[in-house]
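Containing mmCIF, N, CA and C atoms: structure31.cif.
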data_data
loop_
_atom_site.label_atom_id
_atom_site.label_comp_id
_atom_site.auth_asym_id
_atom_site.auth_seq_id
_atom_site.Cartn_x
_atom_site.Cartn_y
_atom_site.Cartn_z
N MET A 1 122.91 94.95 128.94
CA MET A 1 122.99 96.31 128.47
C MET A 1 122.77 97.24 129.67
N SER A 2 123.65 98.22 129.82
CA SER A 2 123.54 99.13 130.95
C SER A 2 122.42 100.15 130.73
N ARG A 3 122.10 100.84 131.79
CA ARG A 3 121.04 101.86 131.72
C ARG A 3 121.41 102.95 130.72
N ASP A 4 122.65 103.38 130.72
CA ASP A 4 123.10 104.42 129.79
C ASP A 4 123.02 103.95 128.34
N GLU A 5 123.35 102.70 128.10
CA GLU A 5 123.26 102.16 126.74
C GLU A 5 121.80 102.09 126.28
N LYS A 6 120.92 101.68 127.18
CA LYS A 6 119.49 101.64 126.84
C LYS A 6 118.97 103.03 126.53
N LEU A 7 119.37 104.00 127.32
CA LEU A 7 118.96 105.38 127.09
C LEU A 7 119.48 105.87 125.73
N GLY A 8 120.72 105.50 125.41
CA GLY A 8 121.29 105.88 124.12
C GLY A 8 120.54 105.26 122.95
N VAL A 9 120.15 104.01 123.09
CA VAL A 9 119.40 103.34 122.04
C VAL A 9 118.04 104.00 121.85
N TRP A 10 117.38 104.35 122.96
CA TRP A 10 116.08 105.02 122.85
C TRP A 10 116.22 106.41 122.22
N ALA A 11 117.26 107.12 122.59
CA ALA A 11 117.49 108.45 121.99
C ALA A 11 117.74 108.34 120.49
N LEU A 12 118.52 107.34 120.10
CA LEU A 12 118.78 107.12 118.68
C LEU A 12 117.50 106.74 117.94
N ALA A 13 116.70 105.88 118.54
CA ALA A 13 115.45 105.45 117.92
C ALA A 13 114.48 106.63 117.73
N ILE A 14 114.37 107.46 118.74
CA ILE A 14 113.49 108.63 118.63
C ILE A 14 114.02 109.61 117.59
N GLY A 15 115.32 109.85 117.61
CA GLY A 15 115.93 110.74 116.63
C GLY A 15 115.75 110.26 115.21
N GLN A 16 115.93 108.98 114.98
CA GLN A 16 115.77 108.43 113.65
C GLN A 16 114.31 108.50 113.19
N THR A 17 113.39 108.24 114.10
CA THR A 17 111.97 108.31 113.75
C THR A 17 111.58 109.74 113.38
N LEU A 18 112.01 110.71 114.16
CA LEU A 18 111.69 112.11 113.87
C LEU A 18 112.37 112.57 112.58
N GLY A 19 113.61 112.15 112.37
CA GLY A 19 114.31 112.51 111.14
C GLY A 19 113.65 111.93 109.91
N PHE A 20 113.28 110.67 109.99
CA PHE A 20 112.61 110.02 108.85
C PHE A 20 111.27 110.69 108.58
N ALA A 21 110.54 110.99 109.64
CA ALA A 21 109.23 111.63 109.47
C ALA A 21 109.37 113.01 108.84
N SER A 22 110.37 113.76 109.29
CA SER A 22 110.51 115.12 108.76
C SER A 22 111.01 115.13 107.33
N LEU A 23 111.73 114.12 106.91
CA LEU A 23 112.27 114.10 105.55
C LEU A 23 111.41 113.34 104.55
N ILE A 24 110.68 112.35 105.00
CA ILE A 24 109.89 111.52 104.09
C ILE A 24 108.40 111.88 104.14
N TYR A 25 107.83 111.93 105.32
CA TYR A 25 106.39 112.14 105.45
C TYR A 25 105.97 113.59 105.29
N ILE A 26 106.92 114.51 105.32
CA ILE A 26 106.57 115.92 105.17
C ILE A 26 105.91 116.18 103.82
N PHE A 27 106.28 115.41 102.81
CA PHE A 27 105.72 115.62 101.48
C PHE A 27 104.21 115.48 101.48
N GLY A 28 103.72 114.42 102.08
CA GLY A 28 102.28 114.22 102.14
C GLY A 28 101.56 115.31 102.92
N ALA A 29 102.23 115.85 103.91
CA ALA A 29 101.62 116.89 104.73
C ALA A 29 101.53 118.23 104.01
N ILE A 30 102.44 118.49 103.08
CA ILE A 30 102.44 119.79 102.42
C ILE A 30 102.01 119.73 100.96
N LEU A 31 101.64 118.56 100.47
CA LEU A 31 101.31 118.41 99.05
C LEU A 31 100.18 119.34 98.60
N LEU A 32 99.09 119.39 99.34
CA LEU A 32 97.96 120.22 98.93
C LEU A 32 98.33 121.71 98.95
N SER A 33 99.11 122.12 99.93
CA SER A 33 99.55 123.51 99.98
C SER A 33 100.48 123.84 98.82
N LEU A 34 101.38 122.94 98.51
CA LEU A 34 102.28 123.14 97.38
C LEU A 34 101.51 123.23 96.06
N GLU A 35 100.56 122.35 95.92
CA GLU A 35 99.77 122.32 94.70
C GLU A 35 98.95 123.62 94.55
N ALA A 36 98.38 124.09 95.64
CA ALA A 36 97.56 125.31 95.60
C ALA A 36 98.42 126.56 95.41
N GLY A 37 99.64 126.54 95.95
CA GLY A 37 100.50 127.72 95.90
C GLY A 37 101.43 127.80 94.72
N SER A 38 101.36 126.83 93.82
CA SER A 38 102.25 126.84 92.65
C SER A 38 101.46 126.44 91.41
N ASP A 39 102.10 126.55 90.29
CA ASP A 39 101.49 126.12 89.03
C ASP A 39 101.80 124.66 88.72
N TRP A 40 102.42 123.97 89.65
CA TRP A 40 102.86 122.60 89.44
C TRP A 40 101.73 121.63 89.76
N GLY A 41 101.65 120.57 88.98
CA GLY A 41 100.66 119.53 89.21
C GLY A 41 101.12 118.54 90.25
N ARG A 42 100.20 117.71 90.69
CA ARG A 42 100.52 116.70 91.70
C ARG A 42 101.57 115.71 91.22
N ALA A 43 101.48 115.31 89.96
CA ALA A 43 102.48 114.37 89.41
C ALA A 43 103.86 115.01 89.36
N GLN A 44 103.92 116.28 88.99
CA GLN A 44 105.21 116.97 88.96
C GLN A 44 105.78 117.10 90.36
N LEU A 45 104.94 117.41 91.32
CA LEU A 45 105.40 117.52 92.70
C LEU A 45 105.85 116.18 93.26
N ALA A 46 105.21 115.11 92.85
CA ALA A 46 105.58 113.78 93.33
C ALA A 46 106.92 113.31 92.77
N LEU A 47 107.35 113.90 91.67
CA LEU A 47 108.61 113.50 91.05
C LEU A 47 109.81 113.80 91.96
N GLY A 48 109.79 114.93 92.66
CA GLY A 48 110.90 115.29 93.53
C GLY A 48 111.19 114.26 94.61
N PRO A 49 110.22 113.94 95.44
CA PRO A 49 110.45 112.92 96.47
C PRO A 49 110.75 111.54 95.89
N THR A 50 110.15 111.23 94.74
CA THR A 50 110.43 109.94 94.11
C THR A 50 111.89 109.84 93.70
N LEU A 51 112.41 110.90 93.08
CA LEU A 51 113.82 110.91 92.70
C LEU A 51 114.72 110.85 93.93
N GLY A 52 114.30 111.54 94.99
CA GLY A 52 115.07 111.49 96.23
C GLY A 52 115.16 110.08 96.80
N LEU A 53 114.07 109.36 96.78
CA LEU A 53 114.08 107.97 97.26
C LEU A 53 114.92 107.07 96.37
N LEU A 54 114.88 107.30 95.06
CA LEU A 54 115.69 106.50 94.15
C LEU A 54 117.19 106.75 94.37
N VAL A 55 117.56 108.01 94.60
CA VAL A 55 118.96 108.33 94.90
C VAL A 55 119.37 107.67 96.21
N SER A 56 118.49 107.72 97.19
CA SER A 56 118.76 107.08 98.48
C SER A 56 118.98 105.58 98.31
N ALA A 57 118.15 104.95 97.51
CA ALA A 57 118.30 103.51 97.26
C ALA A 57 119.60 103.21 96.52
N ALA A 58 119.95 104.05 95.58
CA ALA A 58 121.19 103.83 94.82
C ALA A 58 122.42 103.99 95.70
N LEU A 59 122.35 104.87 96.70
CA LEU A 59 123.49 105.11 97.57
C LEU A 59 123.55 104.17 98.77
N ALA A 60 122.53 103.35 98.96
CA ALA A 60 122.48 102.44 100.12
C ALA A 60 123.68 101.49 100.18
N PRO A 61 124.12 100.88 99.07
CA PRO A 61 125.30 100.01 99.17
C PRO A 61 126.56 100.76 99.62
N LEU A 62 126.74 101.98 99.12
CA LEU A 62 127.89 102.78 99.54
C LEU A 62 127.78 103.11 101.03
N SER A 63 126.59 103.45 101.48
CA SER A 63 126.38 103.74 102.89
C SER A 63 126.72 102.52 103.75
N GLY A 64 126.29 101.37 103.31
CA GLY A 64 126.60 100.13 104.04
C GLY A 64 128.09 99.87 104.14
N ARG A 65 128.80 100.12 103.04
CA ARG A 65 130.27 99.94 103.07
C ARG A 65 130.92 100.93 104.03
N LEU A 66 130.43 102.16 104.06
CA LEU A 66 130.97 103.15 105.00
C LEU A 66 130.73 102.74 106.45
N VAL A 67 129.56 102.21 106.73
CA VAL A 67 129.26 101.73 108.09
C VAL A 67 130.19 100.57 108.43
N ASP A 68 130.39 99.65 107.50
CA ASP A 68 131.28 98.52 107.74
C ASP A 68 132.72 98.96 108.01
N ARG A 69 133.12 100.09 107.46
CA ARG A 69 134.49 100.60 107.64
C ARG A 69 134.62 101.48 108.89
N GLY A 70 133.54 101.59 109.67
CA GLY A 70 133.61 102.32 110.92
C GLY A 70 133.16 103.76 110.87
N PHE A 71 132.54 104.17 109.78
CA PHE A 71 132.10 105.55 109.64
C PHE A 71 130.60 105.72 109.92
N GLY A 72 130.02 104.79 110.64
CA GLY A 72 128.58 104.83 110.90
C GLY A 72 128.13 106.08 111.64
N GLY A 73 128.87 106.46 112.68
CA GLY A 73 128.51 107.66 113.44
C GLY A 73 128.59 108.92 112.60
N ALA A 74 129.66 109.05 111.83
CA ALA A 74 129.81 110.22 110.96
C ALA A 74 128.74 110.24 109.89
N LEU A 75 128.42 109.09 109.34
CA LEU A 75 127.38 108.99 108.32
C LEU A 75 126.02 109.36 108.90
N LEU A 76 125.73 108.88 110.09
CA LEU A 76 124.46 109.17 110.75
C LEU A 76 124.31 110.66 111.02
N GLY A 77 125.32 111.26 111.60
CA GLY A 77 125.27 112.69 111.90
C GLY A 77 125.30 113.55 110.65
N GLY A 78 126.16 113.19 109.70
CA GLY A 78 126.26 113.96 108.46
C GLY A 78 125.00 113.89 107.63
N ALA A 79 124.39 112.73 107.56
CA ALA A 79 123.16 112.58 106.79
C ALA A 79 122.03 113.37 107.42
N ALA A 80 121.96 113.38 108.75
CA ALA A 80 120.93 114.16 109.44
C ALA A 80 121.13 115.66 109.18
N ALA A 81 122.37 116.11 109.26
CA ALA A 81 122.65 117.53 109.00
C ALA A 81 122.34 117.90 107.55
N LEU A 82 122.75 117.04 106.61
CA LEU A 82 122.47 117.30 105.20
C LEU A 82 120.96 117.32 104.94
N GLY A 83 120.24 116.40 105.54
CA GLY A 83 118.78 116.38 105.39
C GLY A 83 118.13 117.64 105.92
N ALA A 84 118.59 118.12 107.07
CA ALA A 84 118.03 119.34 107.65
C ALA A 84 118.33 120.55 106.77
N ILE A 85 119.54 120.64 106.26
CA ILE A 85 119.91 121.74 105.37
C ILE A 85 119.07 121.70 104.10
N CYS A 86 118.92 120.54 103.52
CA CYS A 86 118.13 120.41 102.29
C CYS A 86 116.66 120.74 102.53
N LEU A 87 116.14 120.36 103.68
CA LEU A 87 114.74 120.68 104.00
C LEU A 87 114.56 122.19 104.14
N ILE A 88 115.52 122.86 104.74
CA ILE A 88 115.47 124.32 104.85
C ILE A 88 115.56 124.95 103.46
N LEU A 89 116.49 124.48 102.64
CA LEU A 89 116.64 125.03 101.29
C LEU A 89 115.41 124.76 100.42
N LEU A 90 114.72 123.66 100.68
CA LEU A 90 113.52 123.33 99.91
C LEU A 90 112.44 124.39 100.06
N SER A 91 112.44 125.09 101.19
CA SER A 91 111.44 126.13 101.39
C SER A 91 111.68 127.34 100.49
N GLN A 92 112.84 127.42 99.87
CA GLN A 92 113.18 128.55 99.01
C GLN A 92 113.06 128.24 97.53
N VAL A 93 112.62 127.05 97.18
CA VAL A 93 112.56 126.63 95.78
C VAL A 93 111.44 127.36 95.05
N ASP A 94 111.80 127.95 93.91
CA ASP A 94 110.82 128.66 93.07
C ASP A 94 110.62 127.99 91.72
N TYR A 95 111.50 127.07 91.35
CA TYR A 95 111.45 126.45 90.03
C TYR A 95 111.27 124.95 90.18
N LEU A 96 110.49 124.39 89.29
CA LEU A 96 110.21 122.96 89.34
C LEU A 96 111.48 122.12 89.23
N ALA A 97 112.43 122.55 88.41
CA ALA A 97 113.68 121.81 88.24
C ALA A 97 114.46 121.72 89.55
N LEU A 98 114.38 122.74 90.39
CA LEU A 98 115.05 122.70 91.69
C LEU A 98 114.31 121.81 92.68
N TRP A 99 113.00 121.71 92.52
CA TRP A 99 112.20 120.85 93.38
C TRP A 99 112.60 119.42 93.17
#

Would you mind writing the file out in C-alpha cells?
Amino acid sequence: MSRDEKLGVWALAIGQTLGFASLIYIFGAILLSLEAGSDWGRAQLALGPTLGLLVSAALAPLSGRLVDRGFGGALLGGAAALGAICLILLSQVDYLALW
C-alpha cells in the first residue's frame, strides 16, 4: 500500500469515526438538556434514536447491494451529507412526532 493510500485510509477512518460519533453518540450528550428544555420524557426522547437505528438496520441490505454495484463512494458521501442535514434540522424540532 502506498503512502497516499495509507493516508486516504486514515482520513476515511477518522471521518467515519467523527460522523458516527456526531450522529449516534450526540443523543447521550444532549439527553439531559432535551429533557429539561421540553415536556418530553426520557422514554419518549429515546424513541427517536431507536427508530433511527431500526431504519438504518432495515436499510443495511440495500446499502450493501449498492456498494456491491459500485456506488460505495456515492453512498458514503451522500449518507454523510444527509446525516449532517438531518442533524441541523433536528435542532429546529418543536414537536415530539418530528423528533

Exercise. Please provide as a VMD selection string all residues within 9 Å of region 68-80 of chain A, with the sequence filter that same-chain residues fewer than 4 positions apart are discarded (counting only C-alpha atoms).
Key: chain A and resid 16 19 63 to 64 84 to 85

Practice problem: Determine the residue membership of the PyMOL selection byres (((chain A and resi 26-35 and name CA) around 12) and name CA) for the file above and supply it as a PyMOL selection string. | Solution: chain A and resi 18-25+36-50+52+87+90-91+93-94+96+99

Quiz item: For the atom pair CA of Leu82 (chain A) and CA of Ala97 (chain A), what is the interatomic distance in Å to one decimal place?
Solution: 19.6 Å

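In this comparison, which uses only C-alpha atoms, the residue of A:Val67, A:Leu7, A:Ile14, A:Leu98 approaching Leu51 (chain A) most closely is A:Leu98.
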
To box region 21-27 of chain A, take all atoms listed in the file, fit an axis-aligned box, add 8 Å on each side, and give centre and edge lengths in Å to one decimal, as JSON.
{"center_x": 108.2, "center_y": 113.6, "center_z": 105.6, "size_x": 24.1, "size_y": 21.2, "size_z": 24.2}

Exercise. Quick one: pull the distance between CA of Ala58 (chain A) and CA of Gly15 (chain A), Å, one decimal.
Key: 23.5 Å

Exercise. Please indicate the distance in Å from atom C of Leu12 (chain A) to CA of Leu54 (chain A), rounded to one decimal place.
Key: 23.9 Å

Quiz item: DSSP on the backbone: what in chain A comes out helix (DSSP H, G or I), as a ChimeraX atom specification?
Solution: /A:3-37,42-68,72-90
